[in-house]
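Below is one structure, written out as structure tokens; comments come after it.
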Amino acid sequence: MSRAATILFLSANPSGTTRLALDHEVREIEQRLRASELRGAFRLEQAWATRASDLQECLLRHRPTIVHFSGHGNSSGELLLEDEAGRAVPVQTSAIATLFRVLRRDIRCVLLNACFSETQARAIAEHIECVIGMTIAVDDRSAIAFAGAFYQALGYGEDVKSAFELGCNQIGLTGLAQSDVPRLVVRDGVRSEDVRLAAPHDPGRP
């Protein structure tokens with residue numbers, strides 16, 4: 001029996017930044033996966049109020065297949081994590097890319113549900129097969145709609161490209177105007193339509 005693919009949901013909403021509906025986002029992901037055909041093929045782990053000092057330990061402990069970061073990014077493309085007092089701390093794009101280079105063995109997909117995260121996505125995609133970032137500031141409702149549809153599609157055995165396109169489509173179906181904000185970046189030599197993160201159920205197996 002194959003090991004379930006772990007989704008590691010990392011979040012940070014430092015003091016002094018706009019409050020985000022992170023609990024709504026993770027609930028949407030949980031519900032969509034629970035209702036999907038391949039619900040047993042995924043396991044969702046969560047880490048809240050993430051600090052830069054937490055990143056290595058979280059990745060080492062959970063060995064995720066998918067890393068999902070939900071929070072803030074600045075206009076320079078840096079993700080904002082928290083310090084010991086809960087204040088915002090920008091993390092260098094190159095440092096996070098290096099982290100994924102070192103721990104790339106298990107990780108196949110990264111989703112950065114944060115404003116202005118396309119720059120970081122492109123840096124990570126030098127080492128990871130498929131990475132999704134946001135080109136500009138993204139509205140909470142759009143971020144949640146995208147994430148729910150993306151994981152729902154994965155839960156029905158769709159490839160990453162189709163899941164990404166369905167996530168963008170769900171933003172439009174919800175009546176929001178940011179369906180062109182998510183951006184899928186793939187590592188050189190990778191076809192996102194060939195990347196499936198859970199195997200379809202084989203009725204001939206127990």
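Residue numbers start at 1 in each chain; chains themselves are named A, B, ... in the order of the structure tokens; ligands are numbered from 1 in the order shown.
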
Check your understanding: Which residues in segment 20-134 of chain A does DSSP call strand (DSSP E or B)? List them as number ranges by chain.
Key -> A: 42-47, 51, 66-70, 72-73, 79-82, 87-91, 109-113, 130-134

**Study point:** Polymer residues at most 12 Å from segment 143-145 of chain A, only C-alpha atoms, same-chain spacing of 5 or more positions, as a PyMOL selection string
**Key:** chain A and resi 20-30+32+68-72+111-115+132-134+136-138+150-152+164+166-182

Exercise for review: Would you kindly return, as an MDAnalysis selection string, each protein, DNA or RNA residue with an atom no farther than 12 Å from any atom of Arg63 of chain A, considering only C-alpha atoms and excluding same-chain residues fewer than 3 positions away?
Suggested key: chainID A and resid 3:8 43:45 55:60 66:67 100 103:108

Exercise for review: Skip segment 10-14 of chain A itself and residues of its chain fewer than 3 positions away, then list as a list in words all residues within 6 Å of it, counting only C-alpha atoms.
Suggested key: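 Everything that qualifies: Thr17, Ala47, Trp48, Ala49, Thr50, His68, Phe69, Ser70, Gly71, Leu81, Glu82, Gly86, Arg87 and Ala88 of chain A.
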
Based on the selection just made, write N, CA, C and O atoms of those residues as a PDB file, in the first residue's frame.
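Below is the file result09.pdb, written as the result:
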ATOM      1  N   THR A  17      -0.211  43.150  10.217  1.00  0.00           N
ATOM      2  CA  THR A  17      -0.581  42.843   8.837  1.00  0.00           C
ATOM      3  C   THR A  17      -2.093  42.621   8.768  1.00  0.00           C
ATOM      4  O   THR A  17      -2.750  42.397   9.778  1.00  0.00           O
ATOM      5  N   ALA A  47       0.772  23.823  10.538  1.00  0.00           N
ATOM      6  CA  ALA A  47       1.678  24.559  11.420  1.00  0.00           C
ATOM      7  C   ALA A  47       1.278  26.026  11.352  1.00  0.00           C
ATOM      8  O   ALA A  47       1.310  26.636  10.280  1.00  0.00           O
ATOM      9  N   TRP A  48       0.897  26.586  12.487  1.00  0.00           N
ATOM     10  CA  TRP A  48       0.375  27.943  12.542  1.00  0.00           C
ATOM     11  C   TRP A  48       1.412  28.906  13.120  1.00  0.00           C
ATOM     12  O   TRP A  48       2.335  28.503  13.828  1.00  0.00           O
ATOM     13  N   ALA A  49       1.224  30.210  12.807  1.00  0.00           N
ATOM     14  CA  ALA A  49       2.134  31.262  13.304  1.00  0.00           C
ATOM     15  C   ALA A  49       3.585  30.878  13.023  1.00  0.00           C
ATOM     16  O   ALA A  49       4.449  30.922  13.899  1.00  0.00           O
ATOM     17  N   THR A  50       3.847  30.500  11.782  1.00  0.00           N
ATOM     18  CA  THR A  50       5.151  29.957  11.406  1.00  0.00           C
ATOM     19  C   THR A  50       6.252  31.008  11.484  1.00  0.00           C
ATOM     20  O   THR A  50       6.114  32.125  10.996  1.00  0.00           O
ATOM     21  N   HIS A  68       2.187  23.944   1.399  1.00  0.00           N
ATOM     22  CA  HIS A  68       1.231  25.021   1.154  1.00  0.00           C
ATOM     23  C   HIS A  68       1.514  26.122   2.164  1.00  0.00           C
ATOM     24  O   HIS A  68       1.398  25.911   3.373  1.00  0.00           O
ATOM     25  N   PHE A  69       1.894  27.305   1.684  1.00  0.00           N
ATOM     26  CA  PHE A  69       2.078  28.443   2.582  1.00  0.00           C
ATOM     27  C   PHE A  69       0.945  29.430   2.355  1.00  0.00           C
ATOM     28  O   PHE A  69       0.684  29.851   1.225  1.00  0.00           O
ATOM     29  N   SER A  70       0.275  29.797   3.428  1.00  0.00           N
ATOM     30  CA  SER A  70      -0.797  30.781   3.358  1.00  0.00           C
ATOM     31  C   SER A  70      -0.464  31.935   4.293  1.00  0.00           C
ATOM     32  O   SER A  70      -0.230  31.732   5.488  1.00  0.00           O
ATOM     33  N   GLY A  71      -0.401  33.135   3.738  1.00  0.00           N
ATOM     34  CA  GLY A  71      -0.044  34.293   4.545  1.00  0.00           C
ATOM     35  C   GLY A  71       0.222  35.493   3.669  1.00  0.00           C
ATOM     36  O   GLY A  71      -0.435  35.692   2.645  1.00  0.00           O
ATOM     37  N   LEU A  81       7.121  35.928   7.525  1.00  0.00           N
ATOM     38  CA  LEU A  81       6.890  35.014   8.631  1.00  0.00           C
ATOM     39  C   LEU A  81       6.846  35.813   9.936  1.00  0.00           C
ATOM     40  O   LEU A  81       6.774  37.034   9.909  1.00  0.00           O
ATOM     41  N   GLU A  82       6.863  35.127  11.064  1.00  0.00           N
ATOM     42  CA  GLU A  82       6.748  35.807  12.349  1.00  0.00           C
ATOM     43  C   GLU A  82       8.038  35.679  13.153  1.00  0.00           C
ATOM     44  O   GLU A  82       8.757  34.689  13.028  1.00  0.00           O
ATOM     45  N   GLY A  86       5.749  37.772  17.326  1.00  0.00           N
ATOM     46  CA  GLY A  86       4.623  37.741  16.402  1.00  0.00           C
ATOM     47  C   GLY A  86       4.649  38.817  15.349  1.00  0.00           C
ATOM     48  O   GLY A  86       3.672  38.999  14.619  1.00  0.00           O
ATOM     49  N   ARG A  87       5.767  39.547  15.246  1.00  0.00           N
ATOM     50  CA  ARG A  87       5.868  40.613  14.245  1.00  0.00           C
ATOM     51  C   ARG A  87       6.344  40.049  12.906  1.00  0.00           C
ATOM     52  O   ARG A  87       6.971  38.996  12.853  1.00  0.00           O
ATOM     53  N   ALA A  88       6.062  40.802  11.843  1.00  0.00           N
ATOM     54  CA  ALA A  88       6.402  40.345  10.490  1.00  0.00           C
ATOM     55  C   ALA A  88       7.902  40.406  10.240  1.00  0.00           C
ATOM     56  O   ALA A  88       8.555  41.406  10.564  1.00  0.00           O
TER      57      ALA A  88
END

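Interatomic distance, atom CA of Arg191 of chain A to atom CA of Ala121 of chain A: 16.4 Å.
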
Give the alpha helix (DSSP H) residues of segment 100-164 of chain A, as assigned by DSSP on the backbone, as a PDB file with all heavy atoms, in the first residue's frame.
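Saved to out.pdb:
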ATOM      1  N   PHE A 100      14.511  24.530  -0.054  1.00  0.00           N
ATOM      2  CA  PHE A 100      13.837  23.538  -0.899  1.00  0.00           C
ATOM      3  C   PHE A 100      14.832  22.745  -1.735  1.00  0.00           C
ATOM      4  O   PHE A 100      14.583  21.578  -2.050  1.00  0.00           O
ATOM      5  CB  PHE A 100      12.790  24.219  -1.772  1.00  0.00           C
ATOM      6  CG  PHE A 100      11.509  24.517  -1.039  1.00  0.00           C
ATOM      7  CD1 PHE A 100      11.243  25.782  -0.555  1.00  0.00           C
ATOM      8  CD2 PHE A 100      10.579  23.516  -0.819  1.00  0.00           C
ATOM      9  CE1 PHE A 100      10.066  26.059   0.131  1.00  0.00           C
ATOM     10  CE2 PHE A 100       9.403  23.768  -0.141  1.00  0.00           C
ATOM     11  CZ  PHE A 100       9.146  25.047   0.343  1.00  0.00           C
ATOM     12  N   ARG A 101      15.950  23.340  -2.074  1.00  0.00           N
ATOM     13  CA  ARG A 101      16.980  22.582  -2.800  1.00  0.00           C
ATOM     14  C   ARG A 101      17.523  21.453  -1.927  1.00  0.00           C
ATOM     15  O   ARG A 101      17.662  20.309  -2.379  1.00  0.00           O
ATOM     16  CB  ARG A 101      18.119  23.501  -3.224  1.00  0.00           C
ATOM     17  CG  ARG A 101      19.279  22.749  -3.902  1.00  0.00           C
ATOM     18  CD  ARG A 101      20.428  23.677  -4.259  1.00  0.00           C
ATOM     19  NE  ARG A 101      21.022  24.304  -3.100  1.00  0.00           N
ATOM     20  CZ  ARG A 101      21.885  23.700  -2.275  1.00  0.00           C
ATOM     21  NH1 ARG A 101      22.221  22.419  -2.465  1.00  0.00           N
ATOM     22  NH2 ARG A 101      22.414  24.352  -1.252  1.00  0.00           N
ATOM     23  N   VAL A 102      17.787  21.756  -0.668  1.00  0.00           N
ATOM     24  CA  VAL A 102      18.374  20.765   0.233  1.00  0.00           C
ATOM     25  C   VAL A 102      17.368  19.659   0.578  1.00  0.00           C
ATOM     26  O   VAL A 102      17.735  18.476   0.646  1.00  0.00           O
ATOM     27  CB  VAL A 102      18.876  21.456   1.516  1.00  0.00           C
ATOM     28  CG1 VAL A 102      19.377  20.424   2.518  1.00  0.00           C
ATOM     29  CG2 VAL A 102      19.984  22.457   1.188  1.00  0.00           C
ATOM     30  N   GLU A 118       5.039  35.279  -6.807  1.00  0.00           N
ATOM     31  CA  GLU A 118       5.532  34.660  -8.039  1.00  0.00           C
ATOM     32  C   GLU A 118       7.052  34.622  -8.083  1.00  0.00           C
ATOM     33  O   GLU A 118       7.650  33.634  -8.536  1.00  0.00           O
ATOM     34  CB  GLU A 118       5.002  35.392  -9.271  1.00  0.00           C
ATOM     35  CG  GLU A 118       5.460  34.739 -10.575  1.00  0.00           C
ATOM     36  CD  GLU A 118       5.102  35.546 -11.819  1.00  0.00           C
ATOM     37  OE1 GLU A 118       4.578  36.673 -11.682  1.00  0.00           O
ATOM     38  OE2 GLU A 118       5.356  35.043 -12.932  1.00  0.00           O
ATOM     39  N   THR A 119       7.708  35.680  -7.611  1.00  0.00           N
ATOM     40  CA  THR A 119       9.179  35.711  -7.608  1.00  0.00           C
ATOM     41  C   THR A 119       9.734  34.557  -6.790  1.00  0.00           C
ATOM     42  O   THR A 119      10.672  33.858  -7.212  1.00  0.00           O
ATOM     43  CB  THR A 119       9.684  37.048  -7.037  1.00  0.00           C
ATOM     44  OG1 THR A 119       9.229  38.114  -7.876  1.00  0.00           O
ATOM     45  CG2 THR A 119      11.203  37.075  -6.977  1.00  0.00           C
ATOM     46  N   GLN A 120       9.170  34.341  -5.604  1.00  0.00           N
ATOM     47  CA  GLN A 120       9.606  33.225  -4.771  1.00  0.00           C
ATOM     48  C   GLN A 120       9.299  31.892  -5.446  1.00  0.00           C
ATOM     49  O   GLN A 120      10.098  30.958  -5.397  1.00  0.00           O
ATOM     50  CB  GLN A 120       8.917  33.286  -3.413  1.00  0.00           C
ATOM     51  CG  GLN A 120       9.334  32.189  -2.453  1.00  0.00           C
ATOM     52  CD  GLN A 120      10.755  32.345  -1.970  1.00  0.00           C
ATOM     53  OE1 GLN A 120      11.053  33.169  -1.127  1.00  0.00           O
ATOM     54  NE2 GLN A 120      11.653  31.540  -2.519  1.00  0.00           N
ATOM     55  N   ALA A 121       8.138  31.797  -6.104  1.00  0.00           N
ATOM     56  CA  ALA A 121       7.770  30.564  -6.797  1.00  0.00           C
ATOM     57  C   ALA A 121       8.792  30.212  -7.874  1.00  0.00           C
ATOM     58  O   ALA A 121       9.181  29.045  -8.025  1.00  0.00           O
ATOM     59  CB  ALA A 121       6.373  30.700  -7.405  1.00  0.00           C
ATOM     60  N   ARG A 122       9.235  31.198  -8.611  1.00  0.00           N
ATOM     61  CA  ARG A 122      10.204  30.940  -9.681  1.00  0.00           C
ATOM     62  C   ARG A 122      11.542  30.473  -9.120  1.00  0.00           C
ATOM     63  O   ARG A 122      12.217  29.620  -9.711  1.00  0.00           O
ATOM     64  CB  ARG A 122      10.374  32.189 -10.554  1.00  0.00           C
ATOM     65  CG  ARG A 122       9.123  32.508 -11.360  1.00  0.00           C
ATOM     66  CD  ARG A 122       9.351  33.541 -12.442  1.00  0.00           C
ATOM     67  NE  ARG A 122       8.130  33.740 -13.205  1.00  0.00           N
ATOM     68  CZ  ARG A 122       7.708  32.940 -14.182  1.00  0.00           C
ATOM     69  NH1 ARG A 122       8.442  31.884 -14.527  1.00  0.00           N
ATOM     70  NH2 ARG A 122       6.584  33.190 -14.826  1.00  0.00           N
ATOM     71  N   ALA A 123      11.925  31.013  -7.973  1.00  0.00           N
ATOM     72  CA  ALA A 123      13.179  30.583  -7.354  1.00  0.00           C
ATOM     73  C   ALA A 123      13.076  29.145  -6.853  1.00  0.00           C
ATOM     74  O   ALA A 123      14.001  28.340  -7.037  1.00  0.00           O
ATOM     75  CB  ALA A 123      13.540  31.523  -6.203  1.00  0.00           C
ATOM     76  N   ILE A 124      11.958  28.795  -6.254  1.00  0.00           N
ATOM     77  CA  ILE A 124      11.763  27.430  -5.744  1.00  0.00           C
ATOM     78  C   ILE A 124      11.673  26.436  -6.895  1.00  0.00           C
ATOM     79  O   ILE A 124      12.149  25.303  -6.793  1.00  0.00           O
ATOM     80  CB  ILE A 124      10.496  27.365  -4.874  1.00  0.00           C
ATOM     81  CG1 ILE A 124      10.683  28.202  -3.605  1.00  0.00           C
ATOM     82  CG2 ILE A 124      10.162  25.922  -4.500  1.00  0.00           C
ATOM     83  CD1 ILE A 124       9.416  28.345  -2.774  1.00  0.00           C
ATOM     84  N   ASP A 140      -8.608  37.472  -0.113  1.00  0.00           N
ATOM     85  CA  ASP A 140      -8.861  36.292   0.708  1.00  0.00           C
ATOM     86  C   ASP A 140      -9.828  35.318   0.039  1.00  0.00           C
ATOM     87  O   ASP A 140      -9.597  34.104   0.009  1.00  0.00           O
ATOM     88  CB  ASP A 140      -9.474  36.735   2.045  1.00  0.00           C
ATOM     89  CG  ASP A 140      -8.629  36.301   3.232  1.00  0.00           C
ATOM     90  OD1 ASP A 140      -7.555  35.703   3.029  1.00  0.00           O
ATOM     91  OD2 ASP A 140      -9.048  36.563   4.369  1.00  0.00           O
ATOM     92  N   ARG A 141     -10.915  35.855  -0.513  1.00  0.00           N
ATOM     93  CA  ARG A 141     -11.937  34.988  -1.121  1.00  0.00           C
ATOM     94  C   ARG A 141     -11.384  34.258  -2.336  1.00  0.00           C
ATOM     95  O   ARG A 141     -11.686  33.072  -2.552  1.00  0.00           O
ATOM     96  CB  ARG A 141     -13.160  35.815  -1.493  1.00  0.00           C
ATOM     97  CG  ARG A 141     -13.905  36.436  -0.322  1.00  0.00           C
ATOM     98  CD  ARG A 141     -14.942  37.413  -0.801  1.00  0.00           C
ATOM     99  NE  ARG A 141     -14.324  38.504  -1.572  1.00  0.00           N
ATOM    100  CZ  ARG A 141     -15.006  39.362  -2.333  1.00  0.00           C
ATOM    101  NH1 ARG A 141     -16.317  39.237  -2.465  1.00  0.00           N
ATOM    102  NH2 ARG A 141     -14.373  40.319  -2.980  1.00  0.00           N
ATOM    103  N   SER A 142     -10.561  34.940  -3.109  1.00  0.00           N
ATOM    104  CA  SER A 142      -9.953  34.300  -4.278  1.00  0.00           C
ATOM    105  C   SER A 142      -8.971  33.219  -3.853  1.00  0.00           C
ATOM    106  O   SER A 142      -8.920  32.128  -4.446  1.00  0.00           O
ATOM    107  CB  SER A 142      -9.235  35.348  -5.130  1.00  0.00           C
ATOM    108  OG  SER A 142     -10.130  36.314  -5.625  1.00  0.00           O
ATOM    109  N   ALA A 143      -8.185  33.511  -2.826  1.00  0.00           N
ATOM    110  CA  ALA A 143      -7.207  32.538  -2.336  1.00  0.00           C
ATOM    111  C   ALA A 143      -7.899  31.268  -1.849  1.00  0.00           C
ATOM    112  O   ALA A 143      -7.452  30.150  -2.127  1.00  0.00           O
ATOM    113  CB  ALA A 143      -6.376  33.153  -1.214  1.00  0.00           C
ATOM    114  N   ILE A 144      -9.003  31.433  -1.128  1.00  0.00           N
ATOM    115  CA  ILE A 144      -9.733  30.286  -0.595  1.00  0.00           C
ATOM    116  C   ILE A 144     -10.409  29.499  -1.726  1.00  0.00           C
ATOM    117  O   ILE A 144     -10.370  28.263  -1.749  1.00  0.00           O
ATOM    118  CB  ILE A 144     -10.764  30.747   0.446  1.00  0.00           C
ATOM    119  CG1 ILE A 144     -10.030  31.297   1.682  1.00  0.00           C
ATOM    120  CG2 ILE A 144     -11.694  29.609   0.836  1.00  0.00           C
ATOM    121  CD1 ILE A 144     -10.945  32.001   2.663  1.00  0.00           C
ATOM    122  N   ALA A 145     -11.015  30.203  -2.665  1.00  0.00           N
ATOM    123  CA  ALA A 145     -11.663  29.531  -3.796  1.00  0.00           C
ATOM    124  C   ALA A 145     -10.649  28.728  -4.599  1.00  0.00           C
ATOM    125  O   ALA A 145     -10.911  27.578  -4.987  1.00  0.00           O
ATOM    126  CB  ALA A 145     -12.358  30.565  -4.693  1.00  0.00           C
ATOM    127  N   PHE A 146      -9.499  29.318  -4.856  1.00  0.00           N
ATOM    128  CA  PHE A 146      -8.459  28.616  -5.610  1.00  0.00           C
ATOM    129  C   PHE A 146      -7.999  27.372  -4.874  1.00  0.00           C
ATOM    130  O   PHE A 146      -7.929  26.269  -5.452  1.00  0.00           O
ATOM    131  CB  PHE A 146      -7.265  29.535  -5.871  1.00  0.00           C
ATOM    132  CG  PHE A 146      -6.142  28.849  -6.596  1.00  0.00           C
ATOM    133  CD1 PHE A 146      -6.130  28.798  -7.980  1.00  0.00           C
ATOM    134  CD2 PHE A 146      -5.115  28.221  -5.904  1.00  0.00           C
ATOM    135  CE1 PHE A 146      -5.113  28.126  -8.664  1.00  0.00           C
ATOM    136  CE2 PHE A 146      -4.105  27.551  -6.567  1.00  0.00           C
ATOM    137  CZ  PHE A 146      -4.105  27.508  -7.949  1.00  0.00           C
ATOM    138  N   ALA A 147      -7.675  27.518  -3.600  1.00  0.00           N
ATOM    139  CA  ALA A 147      -7.133  26.395  -2.836  1.00  0.00           C
ATOM    140  C   ALA A 147      -8.133  25.248  -2.762  1.00  0.00           C
ATOM    141  O   ALA A 147      -7.769  24.073  -2.959  1.00  0.00           O
ATOM    142  CB  ALA A 147      -6.744  26.856  -1.432  1.00  0.00           C
ATOM    143  N   GLY A 148      -9.401  25.562  -2.487  1.00  0.00           N
ATOM    144  CA  GLY A 148     -10.406  24.505  -2.379  1.00  0.00           C
ATOM    145  C   GLY A 148     -10.537  23.707  -3.658  1.00  0.00           C
ATOM    146  O   GLY A 148     -10.560  22.468  -3.643  1.00  0.00           O
ATOM    147  N   ALA A 149     -10.608  24.400  -4.785  1.00  0.00           N
ATOM    148  CA  ALA A 149     -10.769  23.712  -6.067  1.00  0.00           C
ATOM    149  C   ALA A 149      -9.509  22.961  -6.467  1.00  0.00           C
ATOM    150  O   ALA A 149      -9.579  21.865  -7.052  1.00  0.00           O
ATOM    151  CB  ALA A 149     -11.155  24.722  -7.154  1.00  0.00           C
ATOM    152  N   PHE A 150      -8.349  23.524  -6.160  1.00  0.00           N
ATOM    153  CA  PHE A 150      -7.076  22.869  -6.490  1.00  0.00           C
ATOM    154  C   PHE A 150      -6.972  21.518  -5.792  1.00  0.00           C
ATOM    155  O   PHE A 150      -6.695  20.483  -6.425  1.00  0.00           O
ATOM    156  CB  PHE A 150      -5.914  23.771  -6.085  1.00  0.00           C
ATOM    157  CG  PHE A 150      -4.554  23.192  -6.331  1.00  0.00           C
ATOM    158  CD1 PHE A 150      -4.001  23.179  -7.599  1.00  0.00           C
ATOM    159  CD2 PHE A 150      -3.807  22.657  -5.279  1.00  0.00           C
ATOM    160  CE1 PHE A 150      -2.737  22.638  -7.834  1.00  0.00           C
ATOM    161  CE2 PHE A 150      -2.551  22.117  -5.500  1.00  0.00           C
ATOM    162  CZ  PHE A 150      -2.014  22.100  -6.770  1.00  0.00           C
ATOM    163  N   TYR A 151      -7.224  21.495  -4.502  1.00  0.00           N
ATOM    164  CA  TYR A 151      -7.100  20.239  -3.758  1.00  0.00           C
ATOM    165  C   TYR A 151      -8.247  19.281  -4.063  1.00  0.00           C
ATOM    166  O   TYR A 151      -8.055  18.057  -4.021  1.00  0.00           O
ATOM    167  CB  TYR A 151      -6.990  20.524  -2.260  1.00  0.00           C
ATOM    168  CG  TYR A 151      -5.647  21.122  -1.913  1.00  0.00           C
ATOM    169  CD1 TYR A 151      -5.523  22.458  -1.576  1.00  0.00           C
ATOM    170  CD2 TYR A 151      -4.491  20.338  -1.943  1.00  0.00           C
ATOM    171  CE1 TYR A 151      -4.289  23.014  -1.272  1.00  0.00           C
ATOM    172  CE2 TYR A 151      -3.252  20.888  -1.647  1.00  0.00           C
ATOM    173  CZ  TYR A 151      -3.156  22.219  -1.312  1.00  0.00           C
ATOM    174  OH  TYR A 151      -1.932  22.765  -1.031  1.00  0.00           O
ATOM    175  N   GLN A 152      -9.407  19.814  -4.351  1.00  0.00           N
ATOM    176  CA  GLN A 152     -10.505  18.944  -4.772  1.00  0.00           C
ATOM    177  C   GLN A 152     -10.108  18.172  -6.032  1.00  0.00           C
ATOM    178  O   GLN A 152     -10.334  16.957  -6.126  1.00  0.00           O
ATOM    179  CB  GLN A 152     -11.757  19.768  -5.054  1.00  0.00           C
ATOM    180  CG  GLN A 152     -12.913  18.952  -5.612  1.00  0.00           C
ATOM    181  CD  GLN A 152     -14.159  19.798  -5.796  1.00  0.00           C
ATOM    182  OE1 GLN A 152     -15.058  19.783  -4.984  1.00  0.00           O
ATOM    183  NE2 GLN A 152     -14.197  20.563  -6.883  1.00  0.00           N
ATOM    184  N   ALA A 153      -9.512  18.878  -6.986  1.00  0.00           N
ATOM    185  CA  ALA A 153      -9.090  18.230  -8.226  1.00  0.00           C
ATOM    186  C   ALA A 153      -8.021  17.166  -7.963  1.00  0.00           C
ATOM    187  O   ALA A 153      -8.076  16.056  -8.514  1.00  0.00           O
ATOM    188  CB  ALA A 153      -8.582  19.274  -9.213  1.00  0.00           C
ATOM    189  N   LEU A 154      -7.053  17.487  -7.106  1.00  0.00           N
ATOM    190  CA  LEU A 154      -6.040  16.486  -6.759  1.00  0.00           C
ATOM    191  C   LEU A 154      -6.696  15.279  -6.100  1.00  0.00           C
ATOM    192  O   LEU A 154      -6.292  14.128  -6.333  1.00  0.00           O
ATOM    193  CB  LEU A 154      -4.998  17.085  -5.812  1.00  0.00           C
ATOM    194  CG  LEU A 154      -4.106  18.199  -6.358  1.00  0.00           C
ATOM    195  CD1 LEU A 154      -3.093  18.617  -5.292  1.00  0.00           C
ATOM    196  CD2 LEU A 154      -3.386  17.781  -7.639  1.00  0.00           C
ATOM    197  N   GLY A 155      -7.717  15.532  -5.283  1.00  0.00           N
ATOM    198  CA  GLY A 155      -8.417  14.459  -4.593  1.00  0.00           C
ATOM    199  C   GLY A 155      -9.217  13.559  -5.512  1.00  0.00           C
ATOM    200  O   GLY A 155      -9.628  12.465  -5.112  1.00  0.00           O
ATOM    201  N   VAL A 160      -1.471  18.103 -11.905  1.00  0.00           N
ATOM    202  CA  VAL A 160      -1.266  19.440 -11.338  1.00  0.00           C
ATOM    203  C   VAL A 160      -1.730  20.533 -12.299  1.00  0.00           C
ATOM    204  O   VAL A 160      -2.330  21.531 -11.866  1.00  0.00           O
ATOM    205  CB  VAL A 160       0.210  19.638 -10.950  1.00  0.00           C
ATOM    206  CG1 VAL A 160       0.486  21.107 -10.586  1.00  0.00           C
ATOM    207  CG2 VAL A 160       0.578  18.744  -9.772  1.00  0.00           C
ATOM    208  N   LYS A 161      -1.485  20.363 -13.582  1.00  0.00           N
ATOM    209  CA  LYS A 161      -1.919  21.383 -14.531  1.00  0.00           C
ATOM    210  C   LYS A 161      -3.430  21.550 -14.508  1.00  0.00           C
ATOM    211  O   LYS A 161      -3.943  22.674 -14.454  1.00  0.00           O
ATOM    212  CB  LYS A 161      -1.462  21.034 -15.952  1.00  0.00           C
ATOM    213  CG  LYS A 161      -1.867  22.083 -16.986  1.00  0.00           C
ATOM    214  CD  LYS A 161      -1.392  21.720 -18.390  1.00  0.00           C
ATOM    215  CE  LYS A 161      -1.821  22.775 -19.400  1.00  0.00           C
ATOM    216  NZ  LYS A 161      -1.399  22.410 -20.775  1.00  0.00           N
ATOM    217  N   SER A 162      -4.166  20.434 -14.561  1.00  0.00           N
ATOM    218  CA  SER A 162      -5.628  20.511 -14.539  1.00  0.00           C
ATOM    219  C   SER A 162      -6.124  21.073 -13.213  1.00  0.00           C
ATOM    220  O   SER A 162      -7.066  21.874 -13.187  1.00  0.00           O
ATOM    221  CB  SER A 162      -6.228  19.123 -14.769  1.00  0.00           C
ATOM    222  OG  SER A 162      -5.904  18.654 -16.070  1.00  0.00           O
ATOM    223  N   ALA A 163      -5.506  20.657 -12.114  1.00  0.00           N
ATOM    224  CA  ALA A 163      -5.908  21.166 -10.799  1.00  0.00           C
ATOM    225  C   ALA A 163      -5.696  22.672 -10.716  1.00  0.00           C
ATOM    226  O   ALA A 163      -6.535  23.410 -10.185  1.00  0.00           O
ATOM    227  CB  ALA A 163      -5.130  20.448  -9.702  1.00  0.00           C
ATOM    228  N   PHE A 164      -4.573  23.145 -11.252  1.00  0.00           N
ATOM    229  CA  PHE A 164      -4.298  24.584 -11.279  1.00  0.00           C
ATOM    230  C   PHE A 164      -5.350  25.320 -12.100  1.00  0.00           C
ATOM    231  O   PHE A 164      -5.898  26.341 -11.660  1.00  0.00           O
ATOM    232  CB  PHE A 164      -2.905  24.828 -11.862  1.00  0.00           C
ATOM    233  CG  PHE A 164      -2.611  26.283 -12.138  1.00  0.00           C
ATOM    234  CD1 PHE A 164      -2.238  27.131 -11.119  1.00  0.00           C
ATOM    235  CD2 PHE A 164      -2.729  26.799 -13.428  1.00  0.00           C
ATOM    236  CE1 PHE A 164      -1.976  28.474 -11.362  1.00  0.00           C
ATOM    237  CE2 PHE A 164      -2.474  28.126 -13.680  1.00  0.00           C
ATOM    238  CZ  PHE A 164      -2.094  28.970 -12.645  1.00  0.00           C
TER     239      PHE A 164
END

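The closest residue to Gly77 of chain A, picked from A:Asp194, A:Arg61, A:Asp139, A:Ser117 and counting only C-alpha atoms, is A:Ser117.
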
Review point. Which one of A:Leu38, A:Ala95, A:Val89, A:Cys130 sits closest to Gly73 of chain A if you count only C-alpha atoms?
Key: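 Checking each of A:Leu38, A:Ala95, A:Val89, A:Cys130 against Gly73 of chain A, counting only C-alpha atoms, the winner is A:Val89.
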
Point to revise | A:Arg19, A:Val195, A:Tyr156, A:Arg187 ranked by distance to Phe42 of chain A, top pick (using only C-alpha atoms) | key: A:Tyr156

I'd like the contact shell of Val91 of chain A - 9 Å cut-off, only C-alpha atoms, skipping same-chain residues fewer than 6 positions apart - returned as a JSON list (two decimals) with N, CA and C atoms, in the first residue's frame.
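After the write, selection-v8.json holds the following:
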[["chain", "number", "residue", "atom", "x", "y", "z"],
["A", 52, "ALA", "N", 10.57, 31.73, 10.89],
["A", 52, "ALA", "CA", 11.65, 31.27, 10.02],
["A", 52, "ALA", "C", 12.38, 30.09, 10.68],
["A", 78, "GLU", "N", 9.17, 38.65, -1.16],
["A", 78, "GLU", "CA", 9.58, 37.90, 0.02],
["A", 78, "GLU", "C", 8.35, 37.49, 0.84],
["A", 79, "LEU", "N", 8.37, 36.27, 1.37],
["A", 79, "LEU", "CA", 7.32, 35.83, 2.26],
["A", 79, "LEU", "C", 7.53, 36.44, 3.64],
["A", 80, "LEU", "N", 6.43, 36.75, 4.32],
["A", 80, "LEU", "CA", 6.50, 37.33, 5.66],
["A", 80, "LEU", "C", 6.16, 36.26, 6.69],
["A", 81, "LEU", "N", 7.12, 35.93, 7.52],
["A", 81, "LEU", "CA", 6.89, 35.01, 8.63],
["A", 81, "LEU", "C", 6.85, 35.81, 9.94]]
